[in-house]
>>> print(open('work-v4.txt').read())   # compact mmCIF, C-alpha atoms
# COMPACT_ATOMS: atom_id res chain seq x y z
CA MET Z 1 -195.51 92.23 25.20
CA ASN Z 2 -196.68 95.08 23.01
CA TRP Z 3 -194.24 97.45 21.30
CA ARG Z 4 -194.72 100.28 23.84
CA LYS Z 5 -193.56 98.05 26.65
CA LEU Z 6 -190.64 96.86 24.51
CA ARG Z 7 -189.66 100.46 23.74
CA THR Z 8 -189.74 101.39 27.43
CA PHE Z 9 -187.62 98.38 28.28
CA VAL Z 10 -185.03 99.12 25.58
CA LEU Z 11 -184.77 102.79 26.54
CA THR Z 12 -184.40 101.94 30.24
CA VAL Z 13 -181.59 99.51 29.47
CA LEU Z 14 -179.90 102.13 27.25
CA VAL Z 15 -180.03 104.79 29.97
CA LEU Z 16 -178.73 102.35 32.56
CA CYS Z 17 -175.81 101.53 30.24
CA LEU Z 18 -175.07 105.20 29.55
CA ILE Z 19 -174.66 106.19 33.21
CA PRO Z 20 -171.54 104.04 33.82
CA ALA Z 21 -170.28 105.05 30.35
CA MET Z 22 -170.40 108.72 31.40
CA ARG Z 23 -168.77 107.96 34.74
CA TYR Z 24 -166.19 105.60 33.21
CA ASN Z 25 -163.20 107.84 33.98
CA GLN Z 26 -164.28 108.41 37.56
CA ILE Z 27 -164.68 104.75 38.47
CA ASP Z 28 -161.58 103.29 40.07
CA VAL Z 29 -161.19 99.60 39.26
CA PRO Z 30 -158.19 98.19 41.16
CA LEU Z 31 -157.91 95.26 38.74
CA LEU Z 32 -157.31 97.68 35.84
CA HIS Z 33 -154.37 99.22 37.74
CA TYR Z 34 -152.92 95.74 37.96
CA PHE Z 35 -153.05 95.24 34.18
CA ALA Z 36 -152.40 98.79 32.94
CA GLY Z 37 -149.92 99.83 35.64
CA SER Z 38 -150.63 102.57 38.15
CA ARG Z 39 -150.46 106.11 36.86
CA GLU Z 40 -150.19 107.65 40.30
CA VAL Z 41 -147.02 109.51 41.23
CA ASP Z 42 -146.11 111.77 44.16
CA PRO Z 43 -145.64 115.30 42.76
CA LEU Z 44 -143.45 116.41 45.70
CA SER Z 45 -140.84 113.68 45.33
CA LEU Z 46 -140.45 113.35 41.55
CA HIS Z 47 -136.75 114.24 41.90
CA LEU Z 48 -135.98 111.64 44.58
CA ALA Z 49 -136.71 108.34 42.83
CA GLY Z 50 -138.80 106.70 40.14
CA GLU Z 51 -139.54 107.46 36.53
CA PHE Z 52 -139.12 111.25 36.56
CA VAL Z 53 -135.64 111.63 38.07
CA GLU Z 54 -133.40 114.13 36.24
CA ASN Z 55 -131.37 111.72 34.17
CA ASN Z 56 -134.47 109.87 32.94
CA LEU Z 57 -136.09 112.97 31.35
CA GLY Z 58 -135.96 113.37 27.59
CA THR Z 59 -136.25 110.98 24.67
CA GLU Z 60 -135.68 107.26 25.14
CA GLN Z 61 -135.18 104.87 22.22
CA ASN Z 62 -137.41 101.78 22.41
CA ALA Z 63 -136.52 98.39 20.92
CA ASP Z 64 -139.38 98.51 18.37
CA GLY Z 65 -138.15 101.80 16.82
CA SER Z 66 -140.64 104.04 18.63
CA VAL Z 67 -139.47 106.57 21.22
CA THR Z 68 -140.69 107.47 24.72
CA VAL Z 69 -140.51 111.11 25.87
CA ARG Z 70 -140.64 111.89 29.58
CA MET Z 71 -141.20 115.47 30.74
CA ILE Z 72 -142.07 117.43 33.88
CA ALA Z 73 -144.33 120.47 33.72
CA GLN Z 74 -143.85 122.91 36.57
CA GLN Z 75 -144.41 126.58 37.31
CA TYR Z 76 -143.32 127.96 34.76
CA LEU Z 77 -141.23 125.61 32.68
CA PHE Z 78 -141.35 122.37 30.77
CA VAL Z 79 -138.30 120.24 31.60
CA PRO Z 80 -136.44 119.41 29.40
CA HIS Z 81 -136.86 122.76 27.66
CA CYS Z 82 -136.30 121.29 24.20
CA VAL Z 83 -137.17 117.73 23.19
CA VAL Z 84 -135.79 116.03 20.07
CA VAL Z 85 -137.82 113.25 18.38
CA PRO Z 86 -137.58 111.52 14.97
CA ALA Z 87 -140.24 112.15 12.31
CA GLY Z 88 -142.63 109.40 11.26
CA VAL Z 89 -142.30 107.10 14.27
CA PRO Z 90 -144.73 106.74 17.20
CA VAL Z 91 -143.84 108.98 20.15
CA HIS Z 92 -145.12 107.86 23.56
CA LEU Z 93 -145.34 110.97 25.72
CA ARG Z 94 -145.31 110.57 29.50
CA ILE Z 95 -145.61 113.83 31.38
CA THR Z 96 -146.52 114.82 34.93
CA SER Z 97 -146.77 118.02 36.92
CA ALA Z 98 -144.78 118.98 40.00
CA ASP Z 99 -147.25 121.60 41.24
CA ALA Z 100 -150.31 123.01 39.44
CA VAL Z 101 -152.47 121.90 36.51
CA HIS Z 102 -150.79 122.57 33.16
CA ALA Z 103 -151.51 121.61 29.55
CA LEU Z 104 -148.88 120.90 26.91
CA ALA Z 105 -150.12 122.19 23.55
CA ILE Z 106 -147.93 121.73 20.48
CA ASN Z 107 -148.38 124.53 17.93
CA GLY Z 108 -148.99 123.41 14.35
CA THR Z 109 -150.53 120.13 15.49
CA ASP Z 110 -153.78 119.32 17.29
CA TYR Z 111 -152.04 117.81 20.33
CA ASN Z 112 -153.08 119.26 23.69
CA VAL Z 113 -152.18 117.14 26.71
CA LYS Z 114 -153.62 118.02 30.08
CA VAL Z 115 -151.06 117.60 32.87
CA LEU Z 116 -152.28 117.01 36.42
CA PRO Z 117 -150.16 116.78 39.59
CA GLY Z 118 -150.21 113.27 41.02
CA THR Z 119 -150.97 111.57 37.70
CA ILE Z 120 -148.88 110.60 34.70
CA SER Z 121 -150.55 111.87 31.50
CA GLU Z 122 -149.91 109.61 28.54
CA ALA Z 123 -150.35 110.48 24.88
CA GLN Z 124 -149.44 108.84 21.60
CA LEU Z 125 -148.00 111.38 19.17
CA GLN Z 126 -146.57 111.14 15.68
CA PHE Z 127 -144.96 113.91 13.62
CA SER Z 128 -144.90 113.50 9.85
CA ASN Z 129 -142.95 116.70 9.01
CA PRO Z 130 -139.55 117.60 10.46
CA GLY Z 131 -139.28 121.07 11.95
CA GLU Z 132 -139.25 123.06 15.16
CA TYR Z 133 -142.61 122.97 16.91
CA LYS Z 134 -143.20 125.55 19.64
CA THR Z 135 -145.10 124.28 22.64
CA VAL Z 136 -147.09 126.39 25.08
CA CYS Z 137 -148.90 125.84 28.35
CA ARG Z 138 -152.61 126.07 27.57
CA GLU Z 139 -153.99 125.90 31.11
CA PHE Z 140 -153.62 128.99 33.30
CA CYS Z 141 -151.10 127.99 35.96
CA GLY Z 142 -150.05 131.20 37.70
CA ALA Z 143 -148.17 134.50 37.38
CA GLY Z 144 -145.66 133.28 34.79
CA HIS Z 145 -148.08 131.19 32.72
CA TYR Z 146 -147.75 133.25 29.52
CA ALA Z 147 -143.97 132.69 29.43
CA MET Z 148 -144.22 128.92 29.89
CA ARG Z 149 -143.12 127.81 26.45
CA SER Z 150 -140.69 125.27 25.12
CA GLU Z 151 -139.86 123.44 21.92
CA VAL Z 152 -140.16 120.05 20.22
CA LYS Z 153 -137.54 119.54 17.54
CA VAL Z 154 -138.60 116.93 14.98
CA VAL Z 155 -135.66 115.69 12.90
CA PRO Z 156 -135.67 113.29 9.93
CA ARG Z 157 -135.40 109.70 11.06
CA GLU Z 158 -131.88 109.20 9.75
CA GLN Z 159 -130.61 112.32 11.55
CA PHE Z 160 -131.94 111.18 14.93
CA PRO Z 161 -128.93 110.27 17.09
CA ALA Z 162 -128.52 106.63 18.01
CA LEU Z 163 -129.26 106.50 21.74
CA GLN Z 164 -127.66 103.95 24.05
CA PRO Z 165 -129.96 102.14 26.56
CA GLY Z 166 -129.18 104.51 29.45
CA GLU Z 167 -128.95 107.63 27.27
CA ARG Z 168 -131.73 110.25 26.85
CA GLY Z 169 -132.09 112.58 23.88
CA ASN Z 170 -132.33 116.27 24.67
CA CYS Z 171 -131.78 119.46 22.66
CA ALA Z 172 -131.96 121.97 25.54
CA ALA Z 173 -129.01 124.39 25.50
CA GLN Z 174 -126.00 122.93 27.26
CA MET D 175 -142.39 79.41 68.59
CA ARG D 176 -144.34 76.76 66.77
CA ARG D 177 -142.31 77.36 63.65
CA ASN D 178 -139.12 76.33 65.40
CA GLU D 179 -140.69 73.16 66.80
CA SER D 180 -142.31 71.64 63.70
CA SER D 181 -140.22 70.50 60.77
CA ARG D 182 -142.90 71.72 58.31
CA GLY D 183 -142.62 75.24 59.70
CA ARG D 184 -138.86 75.16 59.29
CA GLY D 185 -139.29 74.08 55.67
CA ILE D 186 -141.52 77.06 54.94
CA SER D 187 -139.05 79.46 56.49
CA LEU D 188 -136.29 78.01 54.31
CA VAL D 189 -138.47 78.49 51.23
CA TRP D 190 -139.12 82.09 52.23
CA ARG D 191 -135.44 82.67 52.79
CA ALA D 192 -134.59 81.27 49.35
CA ALA D 193 -137.30 83.41 47.78
CA GLY D 194 -135.92 86.47 49.59
CA ILE D 195 -132.41 85.81 48.28
CA LEU D 196 -133.77 85.36 44.75
CA MET D 197 -135.75 88.61 44.95
CA ALA D 198 -132.81 90.53 46.36
CA SER D 199 -130.48 89.26 43.65
CA SER D 200 -133.02 90.11 40.93
CA LEU D 201 -133.36 93.61 42.41
CA VAL D 202 -129.59 94.02 42.28
CA LEU D 203 -129.61 92.86 38.66
CA MET D 204 -132.44 95.28 37.77
CA ALA D 205 -130.62 98.15 39.46
CA SER D 206 -127.43 97.42 37.55
CA ASP D 207 -129.38 97.55 34.27
CA ASN D 208 -130.37 101.22 34.63
CA ALA D 209 -128.15 104.26 35.02
CA PRO D 210 -127.96 105.46 38.64
CA GLU D 211 -130.62 108.01 39.52
CA ARG D 212 -129.23 111.52 39.90
CA VAL D 213 -130.89 113.23 42.87
CA PRO D 214 -130.44 117.04 42.99
CA SER D 215 -131.48 117.43 46.63
CA ASN D 216 -132.78 115.12 49.33
CA VAL D 217 -135.33 117.74 50.40
CA SER D 218 -138.94 117.27 49.32
CA TRP D 219 -141.54 119.80 50.50
CA THR D 220 -143.92 117.50 52.33
CA ALA D 221 -145.95 118.81 55.27
CA GLU D 222 -143.53 117.16 57.73
CA THR D 223 -140.50 118.80 56.09
CA VAL D 224 -142.12 122.24 56.20
CA ALA D 225 -143.07 121.69 59.85
CA ALA D 226 -139.52 120.61 60.76
CA ALA D 227 -137.99 123.59 58.94
CA SER D 228 -140.35 126.04 60.67
CA SER D 229 -140.00 124.66 64.20
CA GLY D 230 -136.90 126.66 65.21
CA ASP D 231 -136.37 128.92 68.23
CA ALA D 232 -135.27 132.34 66.94
CA PHE D 233 -133.65 133.44 70.25
CA ARG D 234 -131.39 130.37 70.41
CA GLY D 235 -130.72 130.93 66.71
CA MET D 236 -129.56 134.49 67.44
CA LEU D 237 -126.88 133.13 69.79
CA LEU D 238 -125.81 130.48 67.28
CA ALA D 239 -125.71 133.06 64.47
CA LYS D 240 -122.73 134.82 66.13
CA ARG D 241 -120.65 132.22 64.28
CA CYS D 242 -122.10 133.34 60.94
CA GLU D 243 -121.34 137.04 61.42
CA HIS D 244 -117.72 136.80 60.35
CA CYS D 245 -118.74 136.25 56.71
CA HIS D 246 -122.47 136.99 56.51
CA GLY D 247 -122.17 140.29 58.38
CA SER D 248 -123.81 141.47 61.58
CA GLU D 249 -127.58 141.10 61.39
CA GLY D 250 -127.55 139.42 58.04
CA PHE D 251 -125.99 142.02 55.70
CA SER D 252 -122.61 140.97 54.40
CA ALA D 253 -119.91 143.53 53.61
CA GLU D 254 -118.38 141.15 51.04
CA ALA D 255 -120.34 141.17 47.80
CA ALA D 256 -119.58 137.50 47.07
CA THR D 257 -121.24 136.32 50.32
CA PRO D 258 -125.03 136.17 50.41
CA ASN D 259 -127.11 138.44 52.62
CA LEU D 260 -129.28 136.36 54.94
CA ALA D 261 -131.47 139.06 56.50
CA GLY D 262 -135.19 138.46 55.97
CA LEU D 263 -134.69 135.43 53.72
CA ASP D 264 -137.43 132.83 53.58
CA LYS D 265 -137.03 130.15 56.30
CA LEU D 266 -137.44 127.25 53.92
CA SER D 267 -134.85 128.50 51.44
CA ILE D 268 -132.01 128.80 54.01
CA TRP D 269 -133.07 125.49 55.55
CA LYS D 270 -132.91 123.72 52.19
CA GLU D 271 -129.47 125.12 51.34
CA LEU D 272 -128.10 124.06 54.75
CA GLN D 273 -129.52 120.55 54.22
CA ASP D 274 -127.92 120.41 50.78
CA PHE D 275 -124.56 121.57 52.19
CA ARG D 276 -124.86 118.81 54.83
CA SER D 277 -125.61 116.12 52.22
CA HIS D 278 -123.00 117.50 49.74
CA LYS D 279 -125.68 118.11 47.13
CA ARG D 280 -124.40 121.68 47.00
CA MET D 281 -120.64 121.93 47.23
CA SER D 282 -118.94 124.73 49.12
CA ARG D 283 -115.52 124.67 50.73
CA ALA D 284 -116.65 127.12 53.42
CA MET D 285 -120.23 126.07 54.11
CA GLY D 286 -119.83 122.28 53.88
CA PRO D 287 -117.98 121.74 57.18
CA ILE D 288 -119.99 124.46 58.95
CA ALA D 289 -123.34 122.94 57.97
CA GLU D 290 -122.12 119.49 58.97
CA SER D 291 -121.17 120.74 62.43
CA LEU D 292 -124.75 121.96 63.11
CA SER D 293 -127.38 119.62 64.54
CA ALA D 294 -130.86 119.43 63.02
CA ARG D 295 -132.16 121.66 65.82
CA ASP D 296 -129.36 124.21 65.32
CA VAL D 297 -130.26 124.49 61.64
CA ALA D 298 -133.94 125.13 62.41
CA ASP D 299 -133.00 127.74 65.06
CA VAL D 300 -130.52 129.68 62.88
CA VAL D 301 -133.05 129.68 60.06
CA ALA D 302 -135.78 131.01 62.38
CA TYR D 303 -133.47 133.86 63.47
CA TYR D 304 -132.41 135.00 60.00
CA SER D 305 -135.96 134.91 58.67
CA LYS D 306 -136.92 137.41 61.41
CA VAL D 307 -134.04 139.89 60.88
CA PRO D 308 -135.41 143.04 59.21
CA ALA D 309 -134.23 143.50 55.64
CA PHE D 310 -134.74 147.29 55.55
CA ALA D 311 -132.74 150.09 57.09
CA ASP D 312 -134.03 152.11 60.03
CA PRO D 313 -132.47 155.41 61.32
CA GLN D 314 -130.29 153.63 63.90
CA ASP D 315 -129.01 151.08 61.43
CA ASN D 316 -125.29 150.93 60.63
CA ARG D 317 -125.32 147.73 58.57
CA SER D 318 -123.71 147.83 55.14
CA PHE D 319 -126.61 148.05 52.70
CA PRO D 320 -126.13 147.76 48.96
CA GLN D 321 -125.11 151.03 47.34
CA ILE D 322 -124.08 150.60 43.72
CA MET D 323 -126.67 151.57 41.11
CA PRO D 324 -126.75 149.71 37.79
CA ASP D 325 -126.27 151.61 34.55
CA SER D 326 -129.52 152.64 32.92
CA LYS D 327 -129.28 150.23 29.98
CA HIS D 328 -128.81 147.25 32.29
CA ALA D 329 -131.62 148.43 34.55
CA GLY D 330 -134.07 148.33 31.67
CA ILE D 331 -133.04 144.79 30.65
CA ALA D 332 -133.22 143.53 34.22
CA SER D 333 -136.52 145.13 35.20
CA HIS D 334 -138.13 143.75 32.06
CA LEU D 335 -136.85 140.23 32.76
CA ILE D 336 -137.92 140.39 36.40
CA ALA D 337 -141.40 141.71 35.63
CA PHE D 338 -142.22 139.96 32.34
CA GLY D 339 -139.53 137.41 31.49
CA ASP D 340 -139.13 136.63 27.81
CA GLY D 341 -141.96 134.57 26.37
CA GLU D 342 -140.25 134.10 23.00
CA ARG D 343 -137.38 132.23 24.60
CA GLY D 344 -139.52 130.62 27.32
CA ILE D 345 -137.99 132.56 30.21
CA PRO D 346 -140.56 133.09 32.99
CA PRO D 347 -140.50 136.34 34.99
CA CYS D 348 -138.15 136.16 38.03
CA GLN D 349 -140.74 137.76 40.29
CA ALA D 350 -143.20 134.88 39.79
CA CYS D 351 -141.04 132.70 42.08
CA HIS D 352 -138.47 134.98 43.76
CA GLY D 353 -141.01 137.60 44.83
CA PRO D 354 -142.60 140.00 45.37
CA VAL D 355 -145.45 138.69 43.18
CA ALA D 356 -145.26 135.06 44.33
CA TYR D 357 -142.96 132.74 46.26
CA ARG D 358 -142.52 128.99 46.12
CA PRO D 359 -141.25 126.80 48.98
CA GLY D 360 -137.47 126.70 49.07
CA VAL D 361 -137.04 129.61 46.64
CA PRO D 362 -135.04 132.55 48.07
CA PRO D 363 -136.49 136.07 47.86
CA LEU D 364 -133.94 138.18 45.97
CA ALA D 365 -135.00 141.68 47.03
CA ASN D 366 -131.76 142.46 48.89
CA GLN D 367 -129.21 140.01 47.58
CA ASN D 368 -125.57 140.84 46.86
CA ALA D 369 -124.69 141.43 43.19
CA ASP D 370 -121.57 139.28 43.01
CA TYR D 371 -123.36 136.42 44.74
CA VAL D 372 -126.33 136.49 42.35
CA LEU D 373 -123.99 136.56 39.35
CA SER D 374 -121.81 133.73 40.64
CA GLN D 375 -124.87 131.52 41.29
CA LEU D 376 -126.40 132.23 37.85
CA GLU D 377 -123.08 131.26 36.28
CA ALA D 378 -122.76 128.20 38.50
CA PHE D 379 -126.23 127.00 37.49
CA ALA D 380 -125.48 127.63 33.81
CA SER D 381 -122.19 125.75 33.87
CA GLY D 382 -123.53 122.89 36.02
CA ARG D 383 -121.23 123.61 38.97
CA ARG D 384 -124.34 124.03 41.12
CA GLU D 385 -127.11 121.49 40.50
CA ASN D 386 -129.27 121.32 43.63
CA ASP D 387 -132.43 122.93 42.20
CA ILE D 388 -135.37 120.53 42.40
CA ASN D 389 -136.63 119.60 38.88
CA MET D 390 -133.99 121.85 37.27
CA PRO D 391 -135.72 125.26 36.94
CA MET D 392 -132.62 127.41 37.48
CA ARG D 393 -130.31 125.21 35.44
CA THR D 394 -132.76 125.58 32.55
CA ILE D 395 -133.32 129.33 32.84
CA SER D 396 -129.75 130.44 33.53
CA ILE D 397 -128.56 128.75 30.31
CA LEU D 398 -131.19 130.68 28.33
CA LEU D 399 -129.95 134.03 29.69
CA THR D 400 -127.18 135.86 27.86
CA ASP D 401 -124.05 136.96 29.70
CA ASP D 402 -125.19 140.59 29.56
CA GLU D 403 -128.58 139.69 31.06
CA ARG D 404 -126.95 137.79 33.93
CA HIS D 405 -124.84 140.84 34.79
CA ALA D 406 -127.87 143.11 34.49
CA LEU D 407 -129.97 140.96 36.84
CA ALA D 408 -127.14 140.71 39.39
CA GLU D 409 -126.60 144.48 39.42
CA TYR D 410 -130.31 145.16 39.73
CA TYR D 411 -130.87 142.81 42.66
CA GLY D 412 -127.59 143.92 44.20
CA SER D 413 -128.71 147.55 44.33
CA GLY D 414 -131.79 146.64 46.36
CA LEU D 415 -134.24 147.38 43.55
CA GLY D 416 -135.64 143.85 43.43
CA LEU D 417 -138.83 144.81 45.24
CA GLN D 418 -139.84 147.42 42.67
CA PRO D 419 -139.17 145.79 39.30
CA GLY D 420 -140.97 148.52 37.36
CA SER D 421 -139.33 151.52 39.00
CA ALA D 422 -135.98 151.86 37.20
CA LYS D 423 -137.24 151.97 33.62
>>> encode(input="work-v4.txt", output="structure tokens")
Amino acid sequence: MNWRKLRTFVLTVLVLCLIPAMRYNQIDVPLLHYFAGSREVDPLSLHLAGEFVENNLGTEQNADGSVTVRMIAQQYLFVPHCVVVPAGVPVHLRITSADAVHALAINGTDYNVKVLPGTISEAQLQFSNPGEYKTVCREFCGAGHYAMRSEVKVVPREQFPALQPGERGNCAAQ
Amino acid sequence: MRRNESSRGRGISLVWRAAGILMASSLVLMASDNAPERVPSNVSWTAETVAAASSGDAFRGMLLAKRCEHCHGSEGFSAEAATPNLAGLDKLSIWKELQDFRSHKRMSRAMGPIAESLSARDVADVVAYYSKVPAFADPQDNRSFPQIMPDSKHAGIASHLIAFGDGERGIPPCQACHGPVAYRPGVPPLANQNADYVLSQLEAFASGRRENDINMPMRTISILLTDDERHALAEYYGSGLGLQPGSAK
């Protein structure tokens, strides 16, 4: 085998490997759903049952010290309208849309989470500095898109309220 | 048949039964771990729901709606400011409210028993009738249309909120859901609504007395509004200006 043939062979193998790599996100492998958990959710019945019912939205305290934040993006609001998280701990964000495509962008950070109806978008965030971070919708979603803003309030770790297992943190006006 | 005859079959069925009991008990345990899910409304806008809500017979609804006239006025315009006008409202929005009154997701001393007394077909028929009643006056009309004009300062606040919202506070424009720019399923058009009714509902959403909005849009927005803004919006919609949000500046 001379080197030209070897080169052709190597390049062919590389190209054949790159095609599935490009299409990775579009290939549906049922076995992966089994291990990773399904991310599908019905956008029309979020309020009826499951993860995104009203009293499950907001910040949840996990056993390992990290927090999980669940939110709904809809025309033209993020619910809850203000989310409180502690600084310096991992924040697992789980967000889904009830209608159109939205994107949750947090000003002052480089986080920009695309939110699609029918799918739970997951993101791992961490805030080092306490403060009030404004969030905006960065995907045109309709007539009220420009007013679709909310807030993430990052508080020092010791000021974060101790949440009971069923309790969810929330700083939206009461 | 065979299962009952052979002893092996019976053994399997016993195992299944035991497994079923175990699963059921574990489900009960899991359910008791979490807080109960709070459901704002049993309505979800699937294609079947929309079809069921739009399947009414407007003529039969007209006969049934004689019962509604005492409070909601003849042909859908109420003389009492605290009672909502129903003329020309979106089918789906009246249908959803009646379903919520029936399931006690929205509490009302007057409407609860009335909505319970209607059958599913009656609800669809009444809804079909009111959605076809004209919302605008013609020369022969003697219905009681809204009259009071808001004061000029309030009109400016309200028209700005309806047309543009307030981006700084995250308040979307009212007209993006309540019309005329865009409507969403189950959202009432507010063009000709009574002032006192709009105000009472904004206050009920803000205080949590009414909590049947799916995914909490109105409970979120009404809290962000100031008291003055709630009055301004109610006056503006109550004077029939809701269709021309830019006109009263």
>>> atom_distance(input="work-v4.txt", atom1="atom CA of Glu60 of chain Z", atom2="atom CA of Arg212 of chain D")
16.7 Å
>>> interface_residues(input="work-v4.txt", of="chain Z", to="chain D", cutoff="8 Å", atoms="only C-alpha atoms", output="PDB file with C-alpha atoms, in the coordinates of the input")
ATOM      1  CA  LEU Z  44    -143.450 116.410  45.700  1.00  0.00           C
ATOM      2  CA  SER Z  45    -140.840 113.680  45.330  1.00  0.00           C
ATOM      3  CA  LEU Z  46    -140.450 113.350  41.550  1.00  0.00           C
ATOM      4  CA  HIS Z  47    -136.750 114.240  41.900  1.00  0.00           C
ATOM      5  CA  LEU Z  48    -135.980 111.640  44.580  1.00  0.00           C
ATOM      6  CA  ALA Z  49    -136.710 108.340  42.830  1.00  0.00           C
ATOM      7  CA  VAL Z  53    -135.640 111.630  38.070  1.00  0.00           C
ATOM      8  CA  GLU Z  54    -133.400 114.130  36.240  1.00  0.00           C
ATOM      9  CA  ASN Z  55    -131.370 111.720  34.170  1.00  0.00           C
ATOM     10  CA  ASN Z  56    -134.470 109.870  32.940  1.00  0.00           C
ATOM     11  CA  ILE Z  72    -142.070 117.430  33.880  1.00  0.00           C
ATOM     12  CA  TYR Z  76    -143.320 127.960  34.760  1.00  0.00           C
ATOM     13  CA  LEU Z  77    -141.230 125.610  32.680  1.00  0.00           C
ATOM     14  CA  VAL Z  79    -138.300 120.240  31.600  1.00  0.00           C
ATOM     15  CA  PRO Z  80    -136.440 119.410  29.400  1.00  0.00           C
ATOM     16  CA  HIS Z  81    -136.860 122.760  27.660  1.00  0.00           C
ATOM     17  CA  ALA Z 143    -148.170 134.500  37.380  1.00  0.00           C
ATOM     18  CA  GLY Z 144    -145.660 133.280  34.790  1.00  0.00           C
ATOM     19  CA  HIS Z 145    -148.080 131.190  32.720  1.00  0.00           C
ATOM     20  CA  TYR Z 146    -147.750 133.250  29.520  1.00  0.00           C
ATOM     21  CA  ALA Z 147    -143.970 132.690  29.430  1.00  0.00           C
ATOM     22  CA  MET Z 148    -144.220 128.920  29.890  1.00  0.00           C
ATOM     23  CA  ARG Z 149    -143.120 127.810  26.450  1.00  0.00           C
ATOM     24  CA  SER Z 150    -140.690 125.270  25.120  1.00  0.00           C
ATOM     25  CA  GLY Z 166    -129.180 104.510  29.450  1.00  0.00           C
ATOM     26  CA  ALA Z 172    -131.960 121.970  25.540  1.00  0.00           C
ATOM     27  CA  ALA Z 173    -129.010 124.390  25.500  1.00  0.00           C
ATOM     28  CA  GLN Z 174    -126.000 122.930  27.260  1.00  0.00           C
TER      29      GLN Z 174
END
>>> residues_around(input="work-v4.txt", residues="Ala369 of chain D", least_positions_apart="4", cutoff="9 Å", atoms="all atoms listed in the file", output="list in words")
Ala255, Ala256, Pro258, Pro320, Leu373, Ser374, His405, Leu407, Ala408, Glu409, Tyr410, Tyr411, Gly412 and Ser413 of chain D
>>> atom_distance(input="work-v4.txt", atom1="atom CA of Arg283 of chain D", atom2="atom CA of Glu271 of chain D")
14.0 Å
>>> closest_residue(input="work-v4.txt", among="D:His352, D:His244, D:Lys270, D:Lys265", to="Gly230 of chain D", atoms="only C-alpha atoms")
D:Lys265
>>> residues_around(input="work-v4.txt", residues="Ala98 of chain Z", least_positions_apart="4", cutoff="6 Å", atoms="only C-alpha atoms", output="ChimeraX atom specification")
/Z:43,74,117
>>> atom_distance(input="work-v4.txt", atom1="atom CA of Tyr371 of chain D", atom2="atom CA of Lys306 of chain D")
21.5 Å
>>> residues_near_point(input="work-v4.txt", point="(-148.9, 119.5, 14.0)", cutoff="9 Å", atoms="all atoms listed in the file", output="VMD selection string")
chain Z and resid 106 to 111 126 to 129 133
>>> residues_around(input="work-v4.txt", residues="Val67 of chain Z", least_positions_apart="4", cutoff="7 Å", atoms="only C-alpha atoms", output="list in words")
Thr59, Glu60, Gln61, Asn62, Pro90, Val91 and His92 of chain Z
>>> closest_residue(input="work-v4.txt", among="D:Ile268, D:Ala261, D:Ala284, D:Leu237", to="Ala309 of chain D", atoms="only C-alpha atoms")
D:Ala261
>>> residues_near_point(input="work-v4.txt", point="(-142.1, 123.6, 24.0)", cutoff="6 Å", atoms="only C-alpha atoms", output="ChimeraX atom specification")
/Z:134-136,149-152
>>> closest_residue(input="work-v4.txt", among="D:Gln367, D:Ser267, D:Ser293, D:Ser396", to="Ser228 of chain D", atoms="only C-alpha atoms")
D:Ser267
>>> residues_around(input="work-v4.txt", residues="Val83 of chain Z", least_positions_apart="3", cutoff="6 Å", atoms="all atoms listed in the file", output="PyMOL selection string")
chain Z and resi 152-153+170-171
>>> residues_around(input="work-v4.txt", residues="Asp325 of chain D", least_positions_apart="3", cutoff="9 Å", atoms="only C-alpha atoms", output="compact mmCIF listing (two decimals) with C-alpha atoms, in the coordinates of the input")
# COMPACT_ATOMS: atom_id res chain seq x y z
CA HIS D 328 -128.81 147.25 32.29
CA ALA D 329 -131.62 148.43 34.55
CA GLY D 330 -134.07 148.33 31.67
CA ALA D 406 -127.87 143.11 34.49
CA GLU D 409 -126.60 144.48 39.42
>>> closest_residue(input="work-v4.txt", among="Z:Val89, Z:Val10, Z:Cys82, Z:Ala105", to="Phe160 of chain Z", atoms="only C-alpha atoms")
Z:Val89
